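Single-structure report; data block below.
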Amino acid sequence: MLLSCKNVRKVFGDHVILDGLGLDVAEHEVVALIGASGSGKSTLLRCVNLLTEIDDGTIHLDGDEITDPQADPDVVRQRIGLVFQSYNLFPHMTVLDNITLAPVRVHKRPPAEAKAQAMQWLDRVGLAGKAGAYPDRLSGGQQQRVAIVRALVNNPRLLLLDEVTSALDPELVGEVLTMIRELKGEGMTMVLATHEMGFARQVADRVAFLDGGRVLEQGPPAQVLGDPVEARTRQFLARIIEAGRL
Amino acid sequence: MTYSPSPRQQERIAYRRGRAVRSVLLAAASTAVVGTLLAVGITGAPGWTRVKESFFDPDTAVEYLPAILEGLWLNLRLLVVCASLALALGLLVAVLRTLRGPVFFPVRVLATGYTYSFRGLPLIIVIYLFAFGIPGLRLQGTPDVLVLGAGAIIVTYGAYLAEVFRAGIESVHPSQIAAARSLGLSYRQAMRHVVLPQAVRRVAPPLLNDTVALQKDVGLISLAGPIDAIRAAQIGVAQEADFTPYIVAGVLFVLLALPLIAVTDGVTLRAARRQNAGN
Ligand SMILES: Nc1ncnc2c1ncn2[C@@H]1O[C@H](COP(=O)(O)OP(=O)(O)OP(=O)(O)O)[C@@H](O)[C@H]1O
Ligand SMILES: [Mg+2]
């Protein structure tokens with residue numbers, strides 16, 4: 001297993017958000033996390049990236065326990081990319097500087113090489129012309145693609161995507177989805193939290209439904225979204241259908 | 001097809017031009033009225049001739065100008081040194097106050113205590129303490145009063161500037177740090193490359209404003225003995241029983257401050273524009 005979460009517990013005050021959660025992700029697999037708002041999807045992704053400390057359980061990446069208190073979180077994060085719903089690009093840096101910051105400062109790559117690689121990526125996603133622009137000059141879809149490229153240039157083993165399309169206007173969702181589908185084609189291992197069941201159906205190998213702080217039900221998208229076993233999953237999907245998001 | 005403004009747009013342009021001309025004329029007229037009133041009011045005052053002699057005497061001005069200019073040169077050098085060191089100290093203290101973890105507890109306490117006490121302490125007292133108290137210890141290698149006085153200004157202004165920097169650091173959204181850390185940057189790298197550049201840009205106007213204030217306060221160093229522009233003027237005033245040297249020094253201070261004030265206004269305006277563009 002590339003990622004293995006066992007018995008993960010996370011508490012905020014007296015709110016138990018994750019309660020003995022288990023989730024395994026194989027190499028090249030794409031797993032979609034679904035669940036009601038507040039069910040802990042973002043929290044789980046932040047725990048895997050060590051931005052939030054877990055209160056019990058273990059998380060292994062490539063067989064190493066990353067939740068070992070002696071592990072260096074900075075080194076662990078170098079192997080995991082995380083993309084946020086709100087892009088979080090650095091507003092005082094150009095697109096190119098946003099992308100090359102970590103390769104140059106963290107991975108100590110020569111600036112010229114990092115720049116060349118960044119330009120290749122930008123070219124690939126059709127944003128080469130925006131290399132020198134500041135983030136506030138970009139549309140939401142463009143910013144989100146830059147944020148994904150910024151995570152990818154570190155060559156992460158695992159890419160975590162937190163509702164990367166939910167801040168986007170519907171006509172901009174497509175360009176980000178296309179990019180993620182291409183990454184899947186290249187074998188990138190991804191865990192993505194999403195409210196868009198269509199998105200989960202299209203790109204995920206497996207859908208995991210979070211409820212009560214655990215993965216209540218998981219399986220191929222067609223099964224979990226089409227013919228769920230658990231009553232809670234059916235209720236959740238019924239509400240989503242009502243909201244017109246399936 | 002080439003664009004030419006519609007008749008309606010041409011009307012609008014003509015109307016706006018008319019308004020602009022009218023505003024200029026109005027401004028000129030009201031300035032003339034206010035100016036005349038002020039001039040008549042002041043020069044017509046019963047004591048005007050006396051004031052004119054003892055505050056605006058050209059001969060005294062010319063006589064003391066070289067000494068005051070020499071003093072001003074000291075103010076200028078002090079300004080550059082004190083401003084740069086106070087900015088550096090302020091930034092350092094602000095960053096120290098953000099450090100978390102038990103190891104840094106004493107550092108945090110010291111930094112917080114420093115900003116609290118030196119913001120409350122009047123600069124004059126700090127100068128006296130530094131310039132007369134420290135030499136009183138009779139330690140070996142005690143620096144010159146000029147250095148001690150400059151130290152007092154740096155330490156006092158450092159406390160104000162630290163608070164300005166801290167406000168800037170706190171205004172950077174935590175998601176920016178999360179994004180930097182998620183890329184593998186260490187806390188230090190995230191501070192240096194992501195948080196501080198944004199923080200400093202945001203607080204540039206208040207920082208510059210404090211620098212303008214510092215420019216005036218470097219003159220207080222004369223309390224400890226060194227002859228700056230104000231002290232040089234004071235000597236002239238005592239000798240001639242005439243306040244003209246103060247006026248000369250005042251005018252020179254304003255001239256010295258003008259470029260800095262202009263830069264501050266420019267930066268403030270740009271910051272405000274950027275803020276609006278962001279919304
Ligand atoms: N730093 C925090 N301090 C306290 N409570 C928090 C914190 N972060 C998250 N929570 C709480 O944890 C719960 C789970 O939040 P989380 O963001 O993981 O949900 P989510 O499944 O991602 O929801 P959404 O679909 O709305 O994004 C929420 O009730 C939230 O209020
Ligand atoms: Mg979320």
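Each chain in the structure tokens gets a letter, A, B and so on, in the order shown; residues start at 1 in every chain, and ligands are counted from 1 in the order they appear.
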Would you mind listing the residues within 8 Å of ligand 1, counting only C-alpha atoms and all ligand atoms, as a list in words? Phe12, Gly13, His15, Ile17, Ile34, Gly35, Ala36, Ser37, Gly38, Ser39, Gly40, Lys41, Ser42, Thr43, Leu44, Asp162, Glu163, Ala193, Thr194 and His195 of chain A
List every residue of chain B that has an atom at most 12 Å from any atom of chain A, and for each one report the closest atom pair and its distance in Å to one decimal, counting only C-alpha atoms, with rows sorted by chain and then by increasing residue number, as a Markdown table.
```
| residue | atom | partner | partner_atom | distance |
| --- | --- | --- | --- | --- |
| B:Val172 | CA | A:Phe90 | CA | 10.6 |
| B:His173 | CA | A:Asn88 | CA | 9.6 |
| B:Pro174 | CA | A:Asn88 | CA | 10.0 |
| B:Ser175 | CA | A:Asn88 | CA | 6.6 |
| B:Gln176 | CA | A:Asn88 | CA | 6.1 |
| B:Ile177 | CA | A:Asn88 | CA | 9.3 |
| B:Ala178 | CA | A:Leu51 | CA | 7.0 |
| B:Ala179 | CA | A:Asn88 | CA | 6.2 |
| B:Ala180 | CA | A:Ala102 | CA | 8.3 |
| B:Arg181 | CA | A:Asp74 | CA | 7.3 |
| B:Ser182 | CA | A:Arg77 | CA | 5.8 |
| B:Leu183 | CA | A:Ala102 | CA | 6.1 |
| B:Gly184 | CA | A:Gln78 | CA | 4.7 |
| B:Leu185 | CA | A:Val106 | CA | 6.1 |
| B:Ser186 | CA | A:Asp74 | CA | 6.0 |
| B:Tyr187 | CA | A:Asp74 | CA | 8.9 |
| B:Arg188 | CA | A:Arg105 | CA | 11.3 |
| B:Gln189 | CA | A:Arg105 | CA | 7.9 |
| B:Ala190 | CA | A:Ala102 | CA | 10.1 |
| B:Arg192 | CA | A:Arg105 | CA | 11.0 |
| B:His193 | CA | A:Leu101 | CA | 8.4 |
| B:Val194 | CA | A:Phe90 | CA | 6.9 |
| B:Val195 | CA | A:Phe90 | CA | 9.3 |
| B:Leu196 | CA | A:His92 | CA | 10.5 |
| B:Pro197 | CA | A:His92 | CA | 7.4 |
| B:Gln198 | CA | A:His92 | CA | 6.5 |
| B:Ala199 | CA | A:His92 | CA | 10.3 |
| B:Val200 | CA | A:His92 | CA | 11.1 |
| B:Arg201 | CA | A:His92 | CA | 9.0 |
| B:Arg202 | CA | A:His92 | CA | 10.9 |
| B:Arg274 | CA | A:Asp136 | CA | 10.4 |
| B:Gln275 | CA | A:Asp136 | CA | 11.4 |
| B:Asn276 | CA | A:Asp136 | CA | 11.9 |
| B:Ala277 | CA | A:Asp136 | CA | 8.8 |
| B:Gly278 | CA | A:Asp136 | CA | 7.1 |
| B:Asn279 | CA | A:Asp136 | CA | 9.9 |
```
Exercise: Thr211 (chain B) partners within 12 Å, only C-alpha atoms, chain neighbours under 6 positions left out, as an NGL selection string: :B and (79-87 or 153-154 or 157-158 or 160-161 or 164 or 204-205 or 217-218 or 257 or 259-261 or 263-264)
Any idea what's packed within 7 Å of region 64-68 of chain B, counting only C-alpha atoms, ignoring anything in its chain fewer than 4 positions away? Could you give it as number ranges by chain? B: 60, 72, 229, 232-233, 236, 245, 249
Shell of 10 Å around Val229 (chain A), only C-alpha atoms, local chain residues under 5 positions omitted, as a VMD selection string: chain A and resid 216 to 218 223 to 224 234
Those residues you just picked out, can you put them in a file as an mmCIF file, in the first residue's frame with all heavy atoms?
```cif
data_model
loop_
_atom_site.group_PDB
_atom_site.id
_atom_site.type_symbol
_atom_site.label_atom_id
_atom_site.label_comp_id
_atom_site.auth_asym_id
_atom_site.auth_seq_id
_atom_site.Cartn_x
_atom_site.Cartn_y
_atom_site.Cartn_z
ATOM 1 N N LEU A 216 -17.504 4.644 6.095
ATOM 2 C CA LEU A 216 -18.649 3.763 6.349
ATOM 3 C C LEU A 216 -18.813 2.754 5.220
ATOM 4 O O LEU A 216 -19.193 1.612 5.435
ATOM 5 C CB LEU A 216 -19.912 4.608 6.488
ATOM 6 C CG LEU A 216 -21.162 3.838 6.899
ATOM 7 C CD1 LEU A 216 -21.012 3.296 8.326
ATOM 8 C CD2 LEU A 216 -22.393 4.737 6.816
ATOM 9 N N GLU A 217 -18.534 3.209 4.015
ATOM 10 C CA GLU A 217 -18.745 2.317 2.871
ATOM 11 C C GLU A 217 -17.770 2.712 1.785
ATOM 12 O O GLU A 217 -17.529 3.891 1.556
ATOM 13 C CB GLU A 217 -20.182 2.482 2.358
ATOM 14 C CG GLU A 217 -20.482 1.655 1.122
ATOM 15 C CD GLU A 217 -21.984 1.563 0.833
ATOM 16 O OE1 GLU A 217 -22.766 2.250 1.514
ATOM 17 O OE2 GLU A 217 -22.339 0.807 -0.080
ATOM 18 N N GLN A 218 -17.163 1.749 1.112
ATOM 19 C CA GLN A 218 -16.304 2.080 -0.018
ATOM 20 C C GLN A 218 -16.378 1.002 -1.077
ATOM 21 O O GLN A 218 -16.756 -0.129 -0.816
ATOM 22 C CB GLN A 218 -14.864 2.291 0.437
ATOM 23 C CG GLN A 218 -14.251 1.122 1.182
ATOM 24 C CD GLN A 218 -12.826 1.421 1.604
ATOM 25 O OE1 GLN A 218 -12.085 2.052 0.869
ATOM 26 N NE2 GLN A 218 -12.443 0.982 2.789
ATOM 27 N N GLN A 223 -20.868 1.158 -7.801
ATOM 28 C CA GLN A 223 -21.556 0.487 -6.692
ATOM 29 C C GLN A 223 -21.940 1.485 -5.597
ATOM 30 O O GLN A 223 -23.103 1.575 -5.206
ATOM 31 C CB GLN A 223 -20.661 -0.629 -6.133
ATOM 32 C CG GLN A 223 -21.337 -1.447 -5.027
ATOM 33 C CD GLN A 223 -20.822 -1.054 -3.654
ATOM 34 O OE1 GLN A 223 -19.623 -1.064 -3.407
ATOM 35 N NE2 GLN A 223 -21.737 -0.685 -2.755
ATOM 36 N N VAL A 224 -20.953 2.263 -5.114
ATOM 37 C CA VAL A 224 -21.234 3.141 -3.968
ATOM 38 C C VAL A 224 -22.244 4.224 -4.347
ATOM 39 O O VAL A 224 -23.145 4.545 -3.573
ATOM 40 C CB VAL A 224 -19.938 3.781 -3.424
ATOM 41 C CG1 VAL A 224 -20.241 4.757 -2.298
ATOM 42 C CG2 VAL A 224 -18.978 2.700 -2.956
ATOM 43 N N ARG A 234 -27.225 5.946 1.388
ATOM 44 C CA ARG A 234 -28.403 6.200 0.553
ATOM 45 C C ARG A 234 -29.028 7.551 0.904
ATOM 46 O O ARG A 234 -29.366 8.332 0.016
ATOM 47 C CB ARG A 234 -29.431 5.074 0.731
ATOM 48 C CG ARG A 234 -29.445 4.144 -0.478
ATOM 49 C CD ARG A 234 -30.418 3.010 -0.272
ATOM 50 N NE ARG A 234 -29.715 1.841 0.239
ATOM 51 C CZ ARG A 234 -30.177 1.036 1.177
ATOM 52 N NH1 ARG A 234 -31.351 1.267 1.742
ATOM 53 N NH2 ARG A 234 -29.481 -0.010 1.555
#
```
List the neighbours of Leu237 (chain A) out to 9 Å using only C-alpha atoms; skip same-chain residues closer than 5 positions along the sequence, and give me the result as a list of chain:residue names.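 Counting only C-alpha atoms, the residues come to A:Met197, A:Leu225, A:Pro228, A:Arg232, A:Glu242, A:Leu246.
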Please produce a file of those selected residues containing N, CA, C and O atoms, as a JSON list (two decimals), in the first residue's frame.
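Written file, part37.json:
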```json
[["chain", "number", "residue", "atom", "x", "y", "z"],
["A", 197, "MET", "N", -20.43, 14.42, -7.37],
["A", 197, "MET", "CA", -20.46, 12.98, -7.57],
["A", 197, "MET", "C", -20.06, 12.61, -9.00],
["A", 197, "MET", "O", -19.47, 11.56, -9.24],
["A", 225, "LEU", "N", -22.10, 4.76, -5.55],
["A", 225, "LEU", "CA", -22.99, 5.86, -5.94],
["A", 225, "LEU", "C", -24.30, 5.33, -6.53],
["A", 225, "LEU", "O", -25.33, 6.01, -6.47],
["A", 228, "PRO", "N", -25.76, 1.75, -3.18],
["A", 228, "PRO", "CA", -25.08, 1.69, -1.88],
["A", 228, "PRO", "C", -25.73, 0.67, -0.95],
["A", 228, "PRO", "O", -26.94, 0.43, -1.01],
["A", 232, "ARG", "N", -27.15, 5.04, 5.52],
["A", 232, "ARG", "CA", -26.63, 6.41, 5.64],
["A", 232, "ARG", "C", -26.13, 6.91, 4.28],
["A", 232, "ARG", "O", -26.28, 8.08, 3.95],
["A", 242, "GLU", "N", -31.31, 15.63, -4.53],
["A", 242, "GLU", "CA", -32.24, 16.73, -4.33],
["A", 242, "GLU", "C", -31.58, 18.05, -4.69],
["A", 242, "GLU", "O", -32.19, 18.93, -5.28],
["A", 246, "LEU", "N", -25.84, 15.27, -8.64],
["A", 246, "LEU", "CA", -25.37, 13.93, -9.02],
["A", 246, "LEU", "C", -25.33, 13.80, -10.53],
["A", 246, "LEU", "O", -26.28, 14.15, -11.20]]
```
Report, in Å to a single decimal, how far apart CA of Ala94 (chain B) and CA of Ile169 (chain B) are.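 The value is 8.1 Å.
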Can you list, as a list in words, every protein, DNA or RNA residue that comes within 9 Å of Lys6 (chain A) when you count only C-alpha atoms, leaving out same-chain residues fewer than 5 positions away? Gly20, Leu21, Gly22, Leu23, Asp24, Gly57, Thr58, Ile59 and His60 of chain A
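Here CA of Phe199 (chain A) stands at a distance of 20.0 Å from CA of Ala26 (chain A).
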Work out how far apart CA of Pro220 (chain A) and CA of Arg206 (chain A) are and give it in Å to one decimal.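 Straight-line distance from CA of Pro220 (chain A) to CA of Arg206 (chain A) works out to 4.6 Å.
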Can you list, as a VMD selection string, every residue of region 44-111 of chain A that DSSP puts in strand (DSSP E)? chain A and resid 56 to 61 64 to 65 80 to 83
Could you turn the residues from that selection into a file that holds N, CA, C and O atoms, as a PDB file, in the first residue's frame?
```pdb
ATOM      1  N   ASP A  56      -4.722   9.816  17.596  1.00  0.00           N
ATOM      2  CA  ASP A  56      -4.446   8.390  17.803  1.00  0.00           C
ATOM      3  C   ASP A  56      -4.357   7.726  16.437  1.00  0.00           C
ATOM      4  O   ASP A  56      -4.757   8.301  15.431  1.00  0.00           O
ATOM      5  N   GLY A  57      -3.818   6.477  16.434  1.00  0.00           N
ATOM      6  CA  GLY A  57      -3.706   5.729  15.189  1.00  0.00           C
ATOM      7  C   GLY A  57      -2.380   5.959  14.507  1.00  0.00           C
ATOM      8  O   GLY A  57      -1.480   6.602  15.065  1.00  0.00           O
ATOM      9  N   THR A  58      -2.260   5.421  13.291  1.00  0.00           N
ATOM     10  CA  THR A  58      -1.008   5.572  12.537  1.00  0.00           C
ATOM     11  C   THR A  58      -1.320   5.865  11.079  1.00  0.00           C
ATOM     12  O   THR A  58      -2.370   5.479  10.560  1.00  0.00           O
ATOM     13  N   ILE A  59      -0.401   6.536  10.427  1.00  0.00           N
ATOM     14  CA  ILE A  59      -0.474   6.734   8.977  1.00  0.00           C
ATOM     15  C   ILE A  59       0.874   6.319   8.401  1.00  0.00           C
ATOM     16  O   ILE A  59       1.923   6.785   8.876  1.00  0.00           O
ATOM     17  N   HIS A  60       0.848   5.425   7.424  1.00  0.00           N
ATOM     18  CA  HIS A  60       2.081   4.981   6.767  1.00  0.00           C
ATOM     19  C   HIS A  60       2.081   5.453   5.327  1.00  0.00           C
ATOM     20  O   HIS A  60       1.051   5.413   4.647  1.00  0.00           O
ATOM     21  N   LEU A  61       3.241   5.898   4.876  1.00  0.00           N
ATOM     22  CA  LEU A  61       3.415   6.248   3.461  1.00  0.00           C
ATOM     23  C   LEU A  61       4.584   5.418   2.955  1.00  0.00           C
ATOM     24  O   LEU A  61       5.691   5.495   3.517  1.00  0.00           O
ATOM     25  N   ASP A  64       6.603   3.640   5.540  1.00  0.00           N
ATOM     26  CA  ASP A  64       7.195   4.381   6.668  1.00  0.00           C
ATOM     27  C   ASP A  64       6.074   5.015   7.472  1.00  0.00           C
ATOM     28  O   ASP A  64       5.146   5.588   6.904  1.00  0.00           O
ATOM     29  N   GLU A  65       6.210   4.959   8.785  1.00  0.00           N
ATOM     30  CA  GLU A  65       5.197   5.632   9.597  1.00  0.00           C
ATOM     31  C   GLU A  65       5.489   7.129   9.638  1.00  0.00           C
ATOM     32  O   GLU A  65       6.476   7.563  10.217  1.00  0.00           O
ATOM     33  N   ILE A  80       4.459  14.469  -0.432  1.00  0.00           N
ATOM     34  CA  ILE A  80       3.005  14.543  -0.559  1.00  0.00           C
ATOM     35  C   ILE A  80       2.619  15.927  -1.057  1.00  0.00           C
ATOM     36  O   ILE A  80       3.013  16.931  -0.473  1.00  0.00           O
ATOM     37  N   GLY A  81       1.857  15.978  -2.141  1.00  0.00           N
ATOM     38  CA  GLY A  81       1.373  17.274  -2.618  1.00  0.00           C
ATOM     39  C   GLY A  81      -0.042  17.497  -2.110  1.00  0.00           C
ATOM     40  O   GLY A  81      -0.821  16.547  -1.980  1.00  0.00           O
ATOM     41  N   LEU A  82      -0.359  18.756  -1.768  1.00  0.00           N
ATOM     42  CA  LEU A  82      -1.723  19.061  -1.317  1.00  0.00           C
ATOM     43  C   LEU A  82      -2.208  20.300  -2.061  1.00  0.00           C
ATOM     44  O   LEU A  82      -1.513  21.307  -2.110  1.00  0.00           O
ATOM     45  N   VAL A  83      -3.393  20.190  -2.640  1.00  0.00           N
ATOM     46  CA  VAL A  83      -3.979  21.334  -3.345  1.00  0.00           C
ATOM     47  C   VAL A  83      -5.283  21.688  -2.644  1.00  0.00           C
ATOM     48  O   VAL A  83      -6.088  20.816  -2.321  1.00  0.00           O
TER      49      VAL A  83
END
```
Hey, what does DSSP flag as helix (DSSP H, G or I) within region 56-241 of chain A? Can you give it to me as JSON, numbers by chain? {"A": [73, 74, 75, 76, 77, 95, 96, 97, 98, 99, 100, 101, 102, 103, 104, 105, 111, 112, 113, 114, 115, 116, 117, 118, 119, 120, 121, 122, 123, 124, 128, 129, 130, 135, 136, 137, 140, 141, 142, 143, 144, 145, 146, 147, 148, 149, 150, 151, 152, 170, 171, 172, 173, 174, 175, 176, 177, 178, 179, 180, 181, 182, 183, 184, 185, 197, 198, 199, 200, 201, 202, 203, 221, 222, 223, 224, 225, 226, 231, 232, 233, 234, 235, 236, 237, 238, 239, 240, 241]}
In terms of the shortest atom-to-atom distance over only C-alpha atoms, which of B:Gln234, B:Thr244, B:Thr49, B:Asn209 is closest to Ala262 (chain B)? B:Asn209
Taking only C-alpha atoms and all ligand atoms into account, name the residue in A:Ile241, A:Ile54, A:Leu33, A:Val125 that is nearest to ligand 2. A:Leu33
